[in-house]
$ cat model.cif   # mmCIF, C-alpha atoms
data_query
#
loop_
_atom_site.group_PDB
_atom_site.id
_atom_site.type_symbol
_atom_site.label_atom_id
_atom_site.label_comp_id
_atom_site.auth_asym_id
_atom_site.auth_seq_id
_atom_site.Cartn_x
_atom_site.Cartn_y
_atom_site.Cartn_z
ATOM 1 C CA MET A 1 90.798 216.280 -25.654
ATOM 2 C CA ARG A 2 91.136 214.409 -22.380
ATOM 3 C CA TYR A 3 93.501 211.478 -22.791
ATOM 4 C CA ASP A 4 94.934 210.859 -19.314
ATOM 5 C CA ASP A 5 93.046 207.568 -18.982
ATOM 6 C CA PHE A 6 93.814 206.304 -22.502
ATOM 7 C CA ARG A 7 95.458 202.904 -22.708
ATOM 8 C CA ARG A 8 99.041 203.397 -23.877
ATOM 9 C CA SER A 9 100.012 201.143 -26.741
ATOM 10 C CA ASP A 10 103.457 199.576 -26.794
ATOM 11 C CA ASP A 11 103.262 199.210 -30.572
ATOM 12 C CA ILE A 12 105.423 202.288 -31.047
ATOM 13 C CA GLU A 13 108.943 202.464 -32.413
ATOM 14 C CA ASP A 14 110.595 205.710 -31.405
ATOM 15 C CA ARG A 15 113.432 206.720 -33.721
ATOM 16 C CA ARG A 16 113.371 210.414 -32.877
ATOM 17 C CA ASP A 17 116.852 210.211 -31.328
ATOM 18 C CA GLU A 18 118.220 209.180 -34.724
ATOM 19 C CA GLY A 19 117.485 212.690 -35.980
ATOM 20 C CA GLY A 20 117.656 211.583 -39.597
ATOM 21 C CA GLY A 21 121.425 211.609 -39.586
ATOM 22 C CA GLY A 22 122.946 209.597 -42.399
ATOM 23 C CA MET A 23 119.567 208.751 -43.899
ATOM 24 C CA GLY A 24 119.833 210.836 -47.021
ATOM 25 C CA GLY A 25 121.348 213.910 -48.554
ATOM 26 C CA GLY A 26 119.886 217.240 -47.558
ATOM 27 C CA GLY A 27 116.365 218.327 -48.272
ATOM 28 C CA GLY A 28 113.940 217.402 -50.997
ATOM 29 C CA PHE A 29 111.537 214.517 -51.160
ATOM 30 C CA GLY A 30 113.900 211.675 -52.040
ATOM 31 C CA LEU A 31 111.238 210.367 -54.397
ATOM 32 C CA PRO A 32 111.856 207.426 -56.757
ATOM 33 C CA MET A 33 111.342 208.969 -60.163
ATOM 34 C CA GLY A 34 111.204 207.251 -63.517
ATOM 35 C CA GLY A 35 112.510 208.414 -66.830
ATOM 36 C CA GLY A 36 110.524 211.645 -66.992
ATOM 37 C CA GLY A 37 106.953 212.612 -67.857
ATOM 38 C CA LEU A 38 106.032 214.630 -64.768
ATOM 39 C CA GLY A 39 106.535 218.371 -64.538
ATOM 40 C CA ILE A 40 107.767 220.054 -61.400
ATOM 41 C CA GLY A 41 104.289 221.536 -60.870
ATOM 42 C CA THR A 42 102.770 218.066 -60.675
ATOM 43 C CA ILE A 43 105.474 216.925 -58.279
ATOM 44 C CA ILE A 44 104.870 219.947 -56.036
ATOM 45 C CA VAL A 45 101.104 219.350 -55.969
ATOM 46 C CA LEU A 46 101.548 215.651 -55.197
ATOM 47 C CA GLY A 47 104.099 216.524 -52.546
ATOM 48 C CA LEU A 48 101.653 218.924 -50.920
ATOM 49 C CA VAL A 49 98.974 216.252 -51.036
ATOM 50 C CA GLY A 50 101.296 213.847 -49.299
ATOM 51 C CA TYR A 51 102.229 216.548 -46.812
ATOM 52 C CA ALA A 52 98.559 216.938 -45.974
ATOM 53 C CA PHE A 53 98.741 213.321 -44.751
ATOM 54 C CA GLY A 54 97.568 210.153 -46.390
ATOM 55 C CA ILE A 55 99.177 207.447 -48.447
ATOM 56 C CA ASP A 56 102.891 207.789 -49.214
ATOM 57 C CA PRO A 57 103.173 210.524 -51.908
ATOM 58 C CA ARG A 58 105.802 208.494 -53.726
ATOM 59 C CA ILE A 59 103.051 205.993 -54.507
ATOM 60 C CA LEU A 60 100.918 208.813 -55.909
ATOM 61 C CA ILE A 61 103.816 210.092 -57.995
ATOM 62 C CA GLY A 62 104.633 206.582 -59.166
ATOM 63 C CA GLY A 63 101.016 206.109 -60.224
ATOM 64 C CA ALA A 64 100.978 209.450 -62.017
ATOM 65 C CA GLU A 65 104.085 208.475 -63.952
ATOM 66 C CA ILE A 66 102.514 205.190 -65.015
ATOM 67 C CA LEU A 67 99.493 207.027 -66.366
ATOM 68 C CA THR A 68 101.612 209.585 -68.226
ATOM 69 C CA GLY A 69 103.957 206.940 -69.599
ATOM 70 C CA GLY A 70 106.882 208.524 -67.837
ATOM 71 C CA GLY A 71 108.002 205.875 -65.428
ATOM 72 C CA HIS A 72 107.392 202.587 -63.699
ATOM 73 C CA ALA A 73 105.466 201.488 -60.650
ATOM 74 C CA PRO A 74 107.311 202.252 -57.407
ATOM 75 C CA THR A 75 109.416 199.380 -56.141
ATOM 76 C CA TYR A 76 109.183 198.795 -52.418
ATOM 77 C CA GLN A 77 112.371 198.141 -50.526
ATOM 78 C CA THR A 78 112.641 194.804 -48.766
ATOM 79 C CA ASP A 79 115.037 196.040 -46.087
ATOM 80 C CA ARG A 80 112.973 196.450 -42.928
ATOM 81 C CA ARG A 81 115.791 197.293 -40.521
ATOM 82 C CA SER A 82 114.449 199.612 -37.871
ATOM 83 C CA GLY A 83 117.706 201.209 -36.839
ATOM 84 C CA SER A 84 118.194 201.950 -33.142
ATOM 85 C CA GLY A 85 114.610 202.888 -32.375
ATOM 86 C CA LYS A 86 113.220 202.190 -28.928
ATOM 87 C CA THR A 87 110.013 200.179 -28.745
ATOM 88 C CA GLY A 88 107.189 200.667 -26.298
ATOM 89 C CA ALA A 89 105.145 203.638 -25.148
ATOM 90 C CA PRO A 90 107.311 206.806 -25.052
ATOM 91 C CA LYS A 91 107.507 208.745 -21.801
ATOM 92 C CA ASP A 92 107.552 212.307 -23.170
ATOM 93 C CA GLU A 93 104.260 214.208 -23.380
ATOM 94 C CA VAL A 94 103.763 214.054 -27.147
ATOM 95 C CA GLY A 95 104.933 210.452 -27.413
ATOM 96 C CA SER A 96 102.707 209.396 -24.532
ATOM 97 C CA MET A 97 99.713 211.117 -26.142
ATOM 98 C CA ILE A 98 100.354 209.303 -29.438
ATOM 99 C CA ALA A 99 100.697 205.968 -27.621
ATOM 100 C CA GLY A 100 97.399 206.671 -25.871
ATOM 101 C CA ILE A 101 95.614 207.555 -29.098
ATOM 102 C CA LEU A 102 96.894 204.402 -30.785
ATOM 103 C CA GLY A 103 95.885 202.279 -27.793
ATOM 104 C CA GLU A 104 92.331 203.572 -27.905
ATOM 105 C CA ILE A 105 92.146 203.269 -31.707
ATOM 106 C CA ASP A 106 93.226 199.631 -31.467
ATOM 107 C CA ASP A 107 90.754 198.882 -28.671
ATOM 108 C CA ARG A 108 87.762 200.389 -30.463
ATOM 109 C CA TRP A 109 88.576 198.769 -33.805
ATOM 110 C CA SER A 110 89.139 195.432 -32.080
ATOM 111 C CA GLU A 111 85.592 195.716 -30.718
ATOM 112 C CA ILE A 112 84.198 196.615 -34.134
ATOM 113 C CA PHE A 113 85.969 193.729 -35.847
ATOM 114 C CA GLN A 114 84.979 191.249 -33.142
ATOM 115 C CA SER A 115 81.329 192.235 -33.495
ATOM 116 C CA SER A 116 81.442 190.938 -37.069
ATOM 117 C CA GLY A 117 83.466 187.841 -36.232
ATOM 118 C CA GLN A 118 86.789 189.174 -37.528
ATOM 119 C CA ASN A 119 90.203 189.450 -35.929
ATOM 120 C CA TYR A 120 91.980 192.775 -35.729
ATOM 121 C CA THR A 121 95.704 193.462 -35.554
ATOM 122 C CA GLY A 122 96.649 197.109 -35.223
ATOM 123 C CA PRO A 123 99.326 199.076 -37.061
ATOM 124 C CA ARG A 124 102.674 200.098 -35.633
ATOM 125 C CA ILE A 125 103.590 203.779 -35.432
ATOM 126 C CA VAL A 126 107.167 204.761 -36.195
ATOM 127 C CA LEU A 127 108.113 208.148 -34.740
ATOM 128 C CA PHE A 128 111.040 209.956 -36.327
ATOM 129 C CA ARG A 129 112.641 213.336 -36.987
ATOM 130 C CA ASN A 130 113.680 214.559 -40.416
ATOM 131 C CA ALA A 131 114.127 211.194 -42.163
ATOM 132 C CA THR A 132 114.256 207.462 -41.513
ATOM 133 C CA ASN A 133 114.138 204.095 -43.233
ATOM 134 C CA GLY A 134 110.564 203.589 -44.420
ATOM 135 C CA GLY A 135 110.892 199.837 -44.908
ATOM 136 C CA ARG A 136 109.207 198.615 -48.056
ATOM 137 C CA CYS A 137 107.892 202.117 -48.771
ATOM 138 C CA GLY A 138 111.382 203.538 -49.193
ATOM 139 C CA MET A 139 112.617 206.643 -47.402
ATOM 140 C CA ALA A 140 110.357 208.423 -44.918
ATOM 141 C CA GLN A 141 110.981 212.163 -44.784
ATOM 142 C CA SER A 142 109.354 214.950 -42.815
ATOM 143 C CA ALA A 143 108.293 216.761 -45.997
ATOM 144 C CA MET A 144 105.920 213.896 -46.786
ATOM 145 C CA GLY A 145 103.844 214.350 -43.670
ATOM 146 C CA PRO A 146 102.402 211.293 -41.897
ATOM 147 C CA PHE A 147 101.758 208.301 -44.118
ATOM 148 C CA TYR A 148 100.699 204.676 -43.912
ATOM 149 C CA CYS A 149 102.890 202.023 -45.539
ATOM 150 C CA PRO A 150 100.526 199.198 -46.606
ATOM 151 C CA PRO A 151 103.050 196.366 -47.115
ATOM 152 C CA ASP A 152 104.594 196.850 -43.660
ATOM 153 C CA LYS A 153 101.356 197.915 -41.910
ATOM 154 C CA GLN A 154 103.176 200.855 -40.315
ATOM 155 C CA ILE A 155 102.362 204.533 -39.850
ATOM 156 C CA PHE A 156 105.325 206.898 -40.186
ATOM 157 C CA LEU A 157 105.031 210.129 -38.251
ATOM 158 C CA ASP A 158 107.365 213.051 -37.644
ATOM 159 C CA THR A 159 105.744 214.688 -34.625
ATOM 160 C CA GLY A 160 106.840 218.106 -35.903
ATOM 161 C CA PHE A 161 103.971 217.801 -38.383
ATOM 162 C CA PHE A 162 101.533 218.702 -35.622
ATOM 163 C CA ARG A 163 103.244 222.081 -35.249
ATOM 164 C CA GLU A 164 103.026 222.540 -39.014
ATOM 165 C CA VAL A 165 99.273 221.934 -38.932
ATOM 166 C CA GLU A 166 98.929 224.695 -36.337
ATOM 167 C CA THR A 167 101.416 227.231 -37.722
ATOM 168 C CA ARG A 168 101.617 226.610 -41.479
ATOM 169 C CA PHE A 169 98.194 225.207 -42.339
ATOM 170 C CA ARG A 170 96.444 227.007 -39.468
ATOM 171 C CA GLY A 171 94.346 223.905 -39.022
ATOM 172 C CA CYS A 172 93.954 224.250 -35.248
ATOM 173 C CA SER A 173 94.997 226.397 -32.321
ATOM 174 C CA GLY A 174 95.778 225.903 -28.657
ATOM 175 C CA SER A 175 94.741 222.786 -26.767
ATOM 176 C CA ALA A 176 92.358 221.751 -29.571
ATOM 177 C CA CYS A 177 95.450 220.718 -31.558
ATOM 178 C CA LYS A 178 95.610 217.610 -29.375
ATOM 179 C CA PHE A 179 92.348 216.422 -30.894
ATOM 180 C CA THR A 180 93.624 217.348 -34.349
ATOM 181 C CA ALA A 181 96.560 214.997 -33.690
ATOM 182 C CA ALA A 182 94.062 212.258 -32.829
ATOM 183 C CA TYR A 183 92.135 212.952 -36.053
ATOM 184 C CA ILE A 184 95.334 212.693 -38.106
ATOM 185 C CA ILE A 185 96.415 209.420 -36.483
ATOM 186 C CA ALA A 186 92.888 208.001 -36.759
ATOM 187 C CA HIS A 187 92.907 208.900 -40.476
ATOM 188 C CA GLU A 188 96.137 206.931 -40.987
ATOM 189 C CA ALA A 189 94.669 204.066 -38.963
ATOM 190 C CA GLY A 190 91.703 204.293 -41.344
ATOM 191 C CA HIS A 191 94.085 203.344 -44.161
ATOM 192 C CA HIS A 192 95.132 200.356 -42.064
ATOM 193 C CA ILE A 193 91.490 199.322 -41.742
ATOM 194 C CA GLN A 194 91.134 199.622 -45.515
ATOM 195 C CA ASN A 195 94.213 197.444 -45.910
ATOM 196 C CA LEU A 196 92.842 194.759 -43.578
ATOM 197 C CA LEU A 197 89.501 194.773 -45.411
ATOM 198 C CA GLY A 198 91.214 194.402 -48.797
ATOM 199 C CA ILE A 199 90.127 197.827 -50.022
ATOM 200 C CA LEU A 200 93.602 199.226 -50.680
ATOM 201 C CA PRO A 201 94.783 196.283 -52.804
ATOM 202 C CA ARG A 202 91.536 196.366 -54.784
ATOM 203 C CA VAL A 203 91.823 200.092 -55.452
ATOM 204 C CA THR A 204 95.458 199.716 -56.486
ATOM 205 C CA ARG A 205 94.424 197.180 -59.121
ATOM 206 C CA LEU A 206 91.687 199.477 -60.372
ATOM 207 C CA GLN A 207 94.099 202.392 -60.556
ATOM 208 C CA GLN A 208 96.516 200.329 -62.604
ATOM 209 C CA GLN A 209 93.666 199.555 -65.009
ATOM 210 C CA ALA A 210 92.436 203.155 -65.134
ATOM 211 C CA GLY A 211 92.339 204.753 -68.537
ATOM 212 C CA SER A 212 93.290 208.224 -67.367
ATOM 213 C CA LYS A 213 94.979 210.096 -64.566
ATOM 214 C CA ALA A 214 91.666 211.707 -63.634
ATOM 215 C CA GLU A 215 90.061 208.272 -63.212
ATOM 216 C CA ALA A 216 92.919 207.063 -60.995
ATOM 217 C CA ASN A 217 92.747 210.277 -58.960
ATOM 218 C CA ALA A 218 89.006 209.850 -58.451
ATOM 219 C CA LEU A 219 89.630 206.426 -56.919
ATOM 220 C CA GLN A 220 92.262 207.895 -54.606
ATOM 221 C CA VAL A 221 89.805 210.565 -53.469
ATOM 222 C CA LYS A 222 87.369 207.814 -52.434
ATOM 223 C CA VAL A 223 90.137 206.088 -50.479
ATOM 224 C CA GLU A 224 91.051 209.255 -48.613
ATOM 225 C CA LEU A 225 87.494 210.344 -47.853
ATOM 226 C CA GLN A 226 86.729 206.880 -46.545
ATOM 227 C CA ALA A 227 89.735 207.156 -44.209
ATOM 228 C CA ASP A 228 88.334 210.482 -42.980
ATOM 229 C CA CYS A 229 85.000 208.781 -42.365
ATOM 230 C CA LEU A 230 86.631 205.886 -40.518
ATOM 231 C CA SER A 231 88.437 208.365 -38.284
ATOM 232 C CA GLY A 232 85.022 209.802 -37.429
ATOM 233 C CA VAL A 233 83.769 206.281 -36.604
ATOM 234 C CA TRP A 234 86.566 205.919 -34.073
ATOM 235 C CA VAL A 235 85.689 209.266 -32.448
ATOM 236 C CA ASN A 236 82.043 208.157 -32.208
ATOM 237 C CA ARG A 237 82.941 204.864 -30.532
ATOM 238 C CA GLU A 238 85.518 206.468 -28.253
ATOM 239 C CA GLU A 239 83.029 209.084 -27.081
ATOM 240 C CA LYS A 240 80.564 206.340 -26.166
ATOM 241 C CA LYS A 241 83.274 204.448 -24.291
ATOM 242 C CA ARG A 242 84.721 207.513 -22.563
ATOM 243 C CA PRO A 243 82.075 210.241 -22.304
ATOM 244 C CA GLY A 244 83.690 213.635 -21.950
ATOM 245 C CA PHE A 245 86.962 212.807 -23.688
ATOM 246 C CA ILE A 246 86.031 215.391 -26.333
ATOM 247 C CA GLU A 247 86.248 218.932 -25.035
ATOM 248 C CA PRO A 248 84.524 222.053 -26.390
ATOM 249 C CA GLY A 249 86.085 223.113 -29.669
ATOM 250 C CA ASP A 250 87.616 219.732 -30.506
ATOM 251 C CA ILE A 251 85.223 218.775 -33.308
ATOM 252 C CA ASP A 252 85.496 222.277 -34.733
ATOM 253 C CA ALA A 253 89.283 221.856 -34.713
ATOM 254 C CA ALA A 254 89.008 218.628 -36.709
ATOM 255 C CA LEU A 255 86.730 220.321 -39.233
ATOM 256 C CA LYS A 256 89.090 223.279 -39.452
ATOM 257 C CA THR A 257 91.957 220.900 -40.139
ATOM 258 C CA ALA A 258 89.901 219.097 -42.791
ATOM 259 C CA THR A 259 89.315 222.458 -44.483
ATOM 260 C CA ALA A 260 93.003 223.382 -44.309
ATOM 261 C CA ILE A 261 94.097 220.153 -46.014
ATOM 262 C CA GLY A 262 91.370 219.919 -48.640
ATOM 263 C CA ASP A 263 92.757 219.582 -52.166
ATOM 264 C CA ASP A 264 91.066 222.793 -53.266
ATOM 265 C CA THR A 265 92.575 224.714 -50.335
ATOM 266 C CA LEU A 266 96.073 223.358 -50.973
ATOM 267 C CA GLN A 267 95.903 223.945 -54.725
ATOM 268 C CA ARG A 268 94.629 227.469 -54.286
ATOM 269 C CA GLN A 269 97.513 228.221 -51.918
ATOM 270 C CA SER A 270 100.204 226.622 -54.070
ATOM 271 C CA THR A 271 99.122 227.467 -57.634
ATOM 272 C CA GLY A 272 96.318 230.020 -57.299
ATOM 273 C CA ARG A 273 93.825 227.805 -59.115
ATOM 274 C CA VAL A 274 91.766 224.672 -58.460
ATOM 275 C CA VAL A 275 91.817 221.627 -60.769
ATOM 276 C CA PRO A 276 89.213 219.093 -59.546
ATOM 277 C CA ASP A 277 90.436 216.325 -61.878
ATOM 278 C CA SER A 278 93.769 216.397 -60.068
ATOM 279 C CA PHE A 279 92.227 215.982 -56.598
ATOM 280 C CA THR A 280 93.555 212.970 -54.698
ATOM 281 C CA HIS A 281 92.189 213.595 -51.184
ATOM 282 C CA GLY A 282 88.937 215.465 -51.737
ATOM 283 C CA SER A 283 87.788 219.024 -51.320
ATOM 284 C CA ALA A 284 87.556 220.777 -47.975
ATOM 285 C CA ALA A 285 83.774 220.352 -47.991
ATOM 286 C CA GLN A 286 84.038 216.640 -48.794
ATOM 287 C CA ARG A 287 86.592 215.989 -46.087
ATOM 288 C CA LYS A 288 84.426 217.694 -43.484
ATOM 289 C CA GLN A 289 81.311 215.891 -44.738
ATOM 290 C CA TRP A 290 82.803 212.401 -44.526
ATOM 291 C CA PHE A 291 84.442 212.916 -41.144
ATOM 292 C CA MET A 292 81.075 214.061 -39.792
ATOM 293 C CA THR A 293 79.309 211.115 -41.454
ATOM 294 C CA GLY A 294 81.551 208.702 -39.584
ATOM 295 C CA TYR A 295 81.279 210.676 -36.362
ATOM 296 C CA GLN A 296 77.493 210.974 -36.454
ATOM 297 C CA GLN A 297 76.669 207.446 -37.629
ATOM 298 C CA GLY A 298 79.529 205.473 -36.087
ATOM 299 C CA THR A 299 79.446 202.531 -38.491
ATOM 300 C CA VAL A 300 81.788 201.215 -41.153
ATOM 301 C CA GLN A 301 78.796 200.774 -43.452
ATOM 302 C CA ALA A 302 78.189 204.522 -43.417
ATOM 303 C CA CYS A 303 81.665 205.055 -44.901
ATOM 304 C CA ASN A 304 81.059 203.515 -48.322
ATOM 305 C CA THR A 305 82.515 206.284 -50.454
ATOM 306 C CA PHE A 306 82.637 203.821 -53.349
ATOM 307 C CA ALA A 307 78.850 203.470 -53.596
ATOM 308 C CA ALA A 308 77.217 204.883 -56.720
ATOM 309 C CA GLY A 309 76.424 208.556 -56.177
ATOM 310 C CA ALA A 310 78.244 208.700 -52.837
ATOM 311 C CA LEU A 311 80.393 211.641 -53.904
#
$ encode --input "model.cif" --output "structure tokens"
Amino acid sequence: MRYDDFRRSDDIEDRRDEGGGGMGGGGGFGLPMGGGGLGIGTIIVLGLVGYAFGIDPRILIGGAEILTGGGHAPTYQTDRRSGSGKTGAPKDEVGSMIAGILGEIDDRWSEIFQSSGQNYTGPRIVLFRNATNGGRCGMAQSAMGPFYCPPDKQIFLDTGFFREVETRFRGCSGSACKFTAAYIIAHEAGHHIQNLLGILPRVTRLQQQAGSKAEANALQVKVELQADCLSGVWVNREEKKRPGFIEPGDIDAALKTATAIGDDTLQRQSTGRVVPDSFTHGSAAQRKQWFMTGYQQGTVQACNTFAAGAL
């Protein structure tokens, strides 16, 4: 991926120098749990799902507890102190790349929103190491992977996750991992788009009304696949704006990453079996399909994963 001429966004808060010191005790997820009802296997699966990037896994676990009668809805913190993070585009290579990706994501989505007479305000990315204050979504920890916090409209990202995608998930290799980073950030920005369009609040209400965990999970799958599709829309628009920014092997890298983080792939690796009713992000095939749908068609309308028969 060629990104030298990307516009660098200043909507970055860099807390990587904090190093997570004093933010929590040791390892683990730091998840707000209720009075029981979830087995450790469920927690591990949900943690892996969160690690594969998407919505804060604590929200998934909170929702699972509601459906099993074992807890209460997660309570967001109201303390939004940002610590000593520096704002503006970082100067290091990885930070500069992320600022460039966010700048281009904001520019393309601004154009899309303006074409339909809507205003667009982009998300903020918070960079951190190990752990940091996640605002109204509680504690952000590396083990969660990147996630979008809807109430604060912020993306939390430990940049070490990109190395994990390459070494642990084997979702990319070499220079193509730069495009994988763009795919991951564009996916999180896709959740921001869903938030702006009112999709996330609507799905949350439907999940609260769901009669079973499987039904709530099915709604979450549609949310995640739509975010994959919206990431593909951004790639389509960016390629038209900057021909040649995609290099040979980049799209294949994104598809390889989508395969590596499919629910079926993760479940097979962690438990040795696949349980479709427990999917929350979609299978490897679905994730590849919806990214390519967005990339090939380049429209928000093409990303209606909620349409009858879409999945």
$ closest_residue --input "model.cif" --among "A:Ala254, A:Ile98, A:Leu197, A:Val300" --to "A:Val126" --atoms "only C-alpha atoms"
A:Ile98
$ closest_residue --input "model.cif" --among "A:Gln154, A:Thr121, A:Asn130, A:Ser116" --to "A:Glu13" --atoms "all atoms listed in the file"
A:Gln154
$ resolve_selection --input "model.cif" --expression "the PyMOL selection byres ((chain A and resi 99) around 9)" --output "list in words"
Phe6, Arg7, Arg8, Ser9, Asp10, Asp11, Ile12, Gly88, Ala89, Pro90, Val94, Gly95, Ser96, Met97, Ile98, Gly100, Ile101, Leu102, Gly103, Glu104 and Ile125 of chain A
$ write_last_selection --input "model.cif" --atoms "C-alpha atoms" --output "PDB file, keeping the file's coordinate frame"
ATOM      1  CA  PHE A   6      93.814 206.304 -22.502  1.00  0.00           C
ATOM      2  CA  ARG A   7      95.458 202.904 -22.708  1.00  0.00           C
ATOM      3  CA  ARG A   8      99.041 203.397 -23.877  1.00  0.00           C
ATOM      4  CA  SER A   9     100.012 201.143 -26.741  1.00  0.00           C
ATOM      5  CA  ASP A  10     103.457 199.576 -26.794  1.00  0.00           C
ATOM      6  CA  ASP A  11     103.262 199.210 -30.572  1.00  0.00           C
ATOM      7  CA  ILE A  12     105.423 202.288 -31.047  1.00  0.00           C
ATOM      8  CA  GLY A  88     107.189 200.667 -26.298  1.00  0.00           C
ATOM      9  CA  ALA A  89     105.145 203.638 -25.148  1.00  0.00           C
ATOM     10  CA  PRO A  90     107.311 206.806 -25.052  1.00  0.00           C
ATOM     11  CA  VAL A  94     103.763 214.054 -27.147  1.00  0.00           C
ATOM     12  CA  GLY A  95     104.933 210.452 -27.413  1.00  0.00           C
ATOM     13  CA  SER A  96     102.707 209.396 -24.532  1.00  0.00           C
ATOM     14  CA  MET A  97      99.713 211.117 -26.142  1.00  0.00           C
ATOM     15  CA  ILE A  98     100.354 209.303 -29.438  1.00  0.00           C
ATOM     16  CA  GLY A 100      97.399 206.671 -25.871  1.00  0.00           C
ATOM     17  CA  ILE A 101      95.614 207.555 -29.098  1.00  0.00           C
ATOM     18  CA  LEU A 102      96.894 204.402 -30.785  1.00  0.00           C
ATOM     19  CA  GLY A 103      95.885 202.279 -27.793  1.00  0.00           C
ATOM     20  CA  GLU A 104      92.331 203.572 -27.905  1.00  0.00           C
ATOM     21  CA  ILE A 125     103.590 203.779 -35.432  1.00  0.00           C
TER      22      ILE A 125
END
$ resolve_selection --input "model.cif" --expression "the PyMOL selection byres ((chain A and resi 303) around 10)" --output "list in words"
Lys222, Leu225, Gln226, Ala227, Asp228, Cys229, Leu230, Gly232, Val233, Trp290, Phe291, Thr293, Gly294, Gln297, Gly298, Thr299, Val300, Gln301, Ala302, Asn304, Thr305, Phe306, Ala307 and Ala310 of chain A
$ closest_residue --input "model.cif" --among "A:Gly145, A:Gly272, A:Gly174, A:Gly117" --to "A:Ala131" --atoms "all atoms listed in the file"
A:Gly145
$ axis_aligned_box --input "model.cif" --around "stretch 166-173 of chain A" --padding-each-side "5 Å" --output "lines of an AutoDock Vina configuration file"
center_x = 97.8
center_y = 225.6
center_z = -37.3
size_x = 17.7
size_y = 13.3
size_z = 20.0
$ residues_around --input "model.cif" --residues "A:Arg205" --least-positions-apart "3" --cutoff "12 Å" --atoms "only C-alpha atoms" --output "MDAnalysis selection string"
chainID A and resid 63 73 198:202 208:210 216 219:220
$ closest_atom_pairs --input "model.cif" --of "stretch 162-182 of chain A" --to "stretch 240-252 of chain A" --cutoff "8 Å" --atoms "all atoms listed in the file" --output "JSON lines"
{"residue": "A:Ala176", "atom": "CA", "partner": "A:Asp250", "partner_atom": "CA", "distance": 5.2}
{"residue": "A:Cys177", "atom": "CA", "partner": "A:Asp250", "partner_atom": "CA", "distance": 8.0}
{"residue": "A:Phe179", "atom": "CA", "partner": "A:Asp250", "partner_atom": "CA", "distance": 5.8}
{"residue": "A:Thr180", "atom": "CA", "partner": "A:Asp250", "partner_atom": "CA", "distance": 7.5}
$ resolve_selection --input "model.cif" --expression "the PyMOL selection byres ((chain A and resi 195) around 12)" --output "PDB file with C-alpha atoms, keeping the file's coordinate frame"
ATOM      1  CA  ILE A  55      99.177 207.447 -48.447  1.00  0.00           C
ATOM      2  CA  TYR A 120      91.980 192.775 -35.729  1.00  0.00           C
ATOM      3  CA  THR A 121      95.704 193.462 -35.554  1.00  0.00           C
ATOM      4  CA  GLY A 122      96.649 197.109 -35.223  1.00  0.00           C
ATOM      5  CA  PRO A 123      99.326 199.076 -37.061  1.00  0.00           C
ATOM      6  CA  TYR A 148     100.699 204.676 -43.912  1.00  0.00           C
ATOM      7  CA  CYS A 149     102.890 202.023 -45.539  1.00  0.00           C
ATOM      8  CA  PRO A 150     100.526 199.198 -46.606  1.00  0.00           C
ATOM      9  CA  PRO A 151     103.050 196.366 -47.115  1.00  0.00           C
ATOM     10  CA  ASP A 152     104.594 196.850 -43.660  1.00  0.00           C
ATOM     11  CA  LYS A 153     101.356 197.915 -41.910  1.00  0.00           C
ATOM     12  CA  GLN A 154     103.176 200.855 -40.315  1.00  0.00           C
ATOM     13  CA  GLU A 188      96.137 206.931 -40.987  1.00  0.00           C
ATOM     14  CA  ALA A 189      94.669 204.066 -38.963  1.00  0.00           C
ATOM     15  CA  GLY A 190      91.703 204.293 -41.344  1.00  0.00           C
ATOM     16  CA  HIS A 191      94.085 203.344 -44.161  1.00  0.00           C
ATOM     17  CA  HIS A 192      95.132 200.356 -42.064  1.00  0.00           C
ATOM     18  CA  ILE A 193      91.490 199.322 -41.742  1.00  0.00           C
ATOM     19  CA  GLN A 194      91.134 199.622 -45.515  1.00  0.00           C
ATOM     20  CA  LEU A 196      92.842 194.759 -43.578  1.00  0.00           C
ATOM     21  CA  LEU A 197      89.501 194.773 -45.411  1.00  0.00           C
ATOM     22  CA  GLY A 198      91.214 194.402 -48.797  1.00  0.00           C
ATOM     23  CA  ILE A 199      90.127 197.827 -50.022  1.00  0.00           C
ATOM     24  CA  LEU A 200      93.602 199.226 -50.680  1.00  0.00           C
ATOM     25  CA  PRO A 201      94.783 196.283 -52.804  1.00  0.00           C
ATOM     26  CA  ARG A 202      91.536 196.366 -54.784  1.00  0.00           C
ATOM     27  CA  VAL A 203      91.823 200.092 -55.452  1.00  0.00           C
ATOM     28  CA  THR A 204      95.458 199.716 -56.486  1.00  0.00           C
ATOM     29  CA  VAL A 223      90.137 206.088 -50.479  1.00  0.00           C
ATOM     30  CA  ALA A 227      89.735 207.156 -44.209  1.00  0.00           C
TER      31      ALA A 227
END
$ closest_residue --input "model.cif" --among "A:Ser173, A:Ser231, A:Thr257, A:Thr159" --to "A:Glu93" --atoms "all atoms listed in the file"
A:Thr159
$ atom_distance --input "model.cif" --atom1 "atom CA of A:Ala182" --atom2 "atom CA of A:Gln141"
20.7 Å
$ atom_distance --input "model.cif" --atom1 "atom CA of A:Gly160" --atom2 "atom CA of A:Phe128"
9.2 Å
$ atom_distance --input "model.cif" --atom1 "atom CA of A:Lys178" --atom2 "atom CA of A:Leu255"
13.5 Å
$ closest_residue --input "model.cif" --among "A:Val221, A:Pro146, A:Ser115, A:Ala258" --to "A:Leu311" --atoms "all atoms listed in the file"
A:Val221
$ closest_residue --input "model.cif" --among "A:Gly282, A:Gly135, A:Phe161, A:Arg168" --to "A:Ala181" --atoms "only C-alpha atoms"
A:Phe161
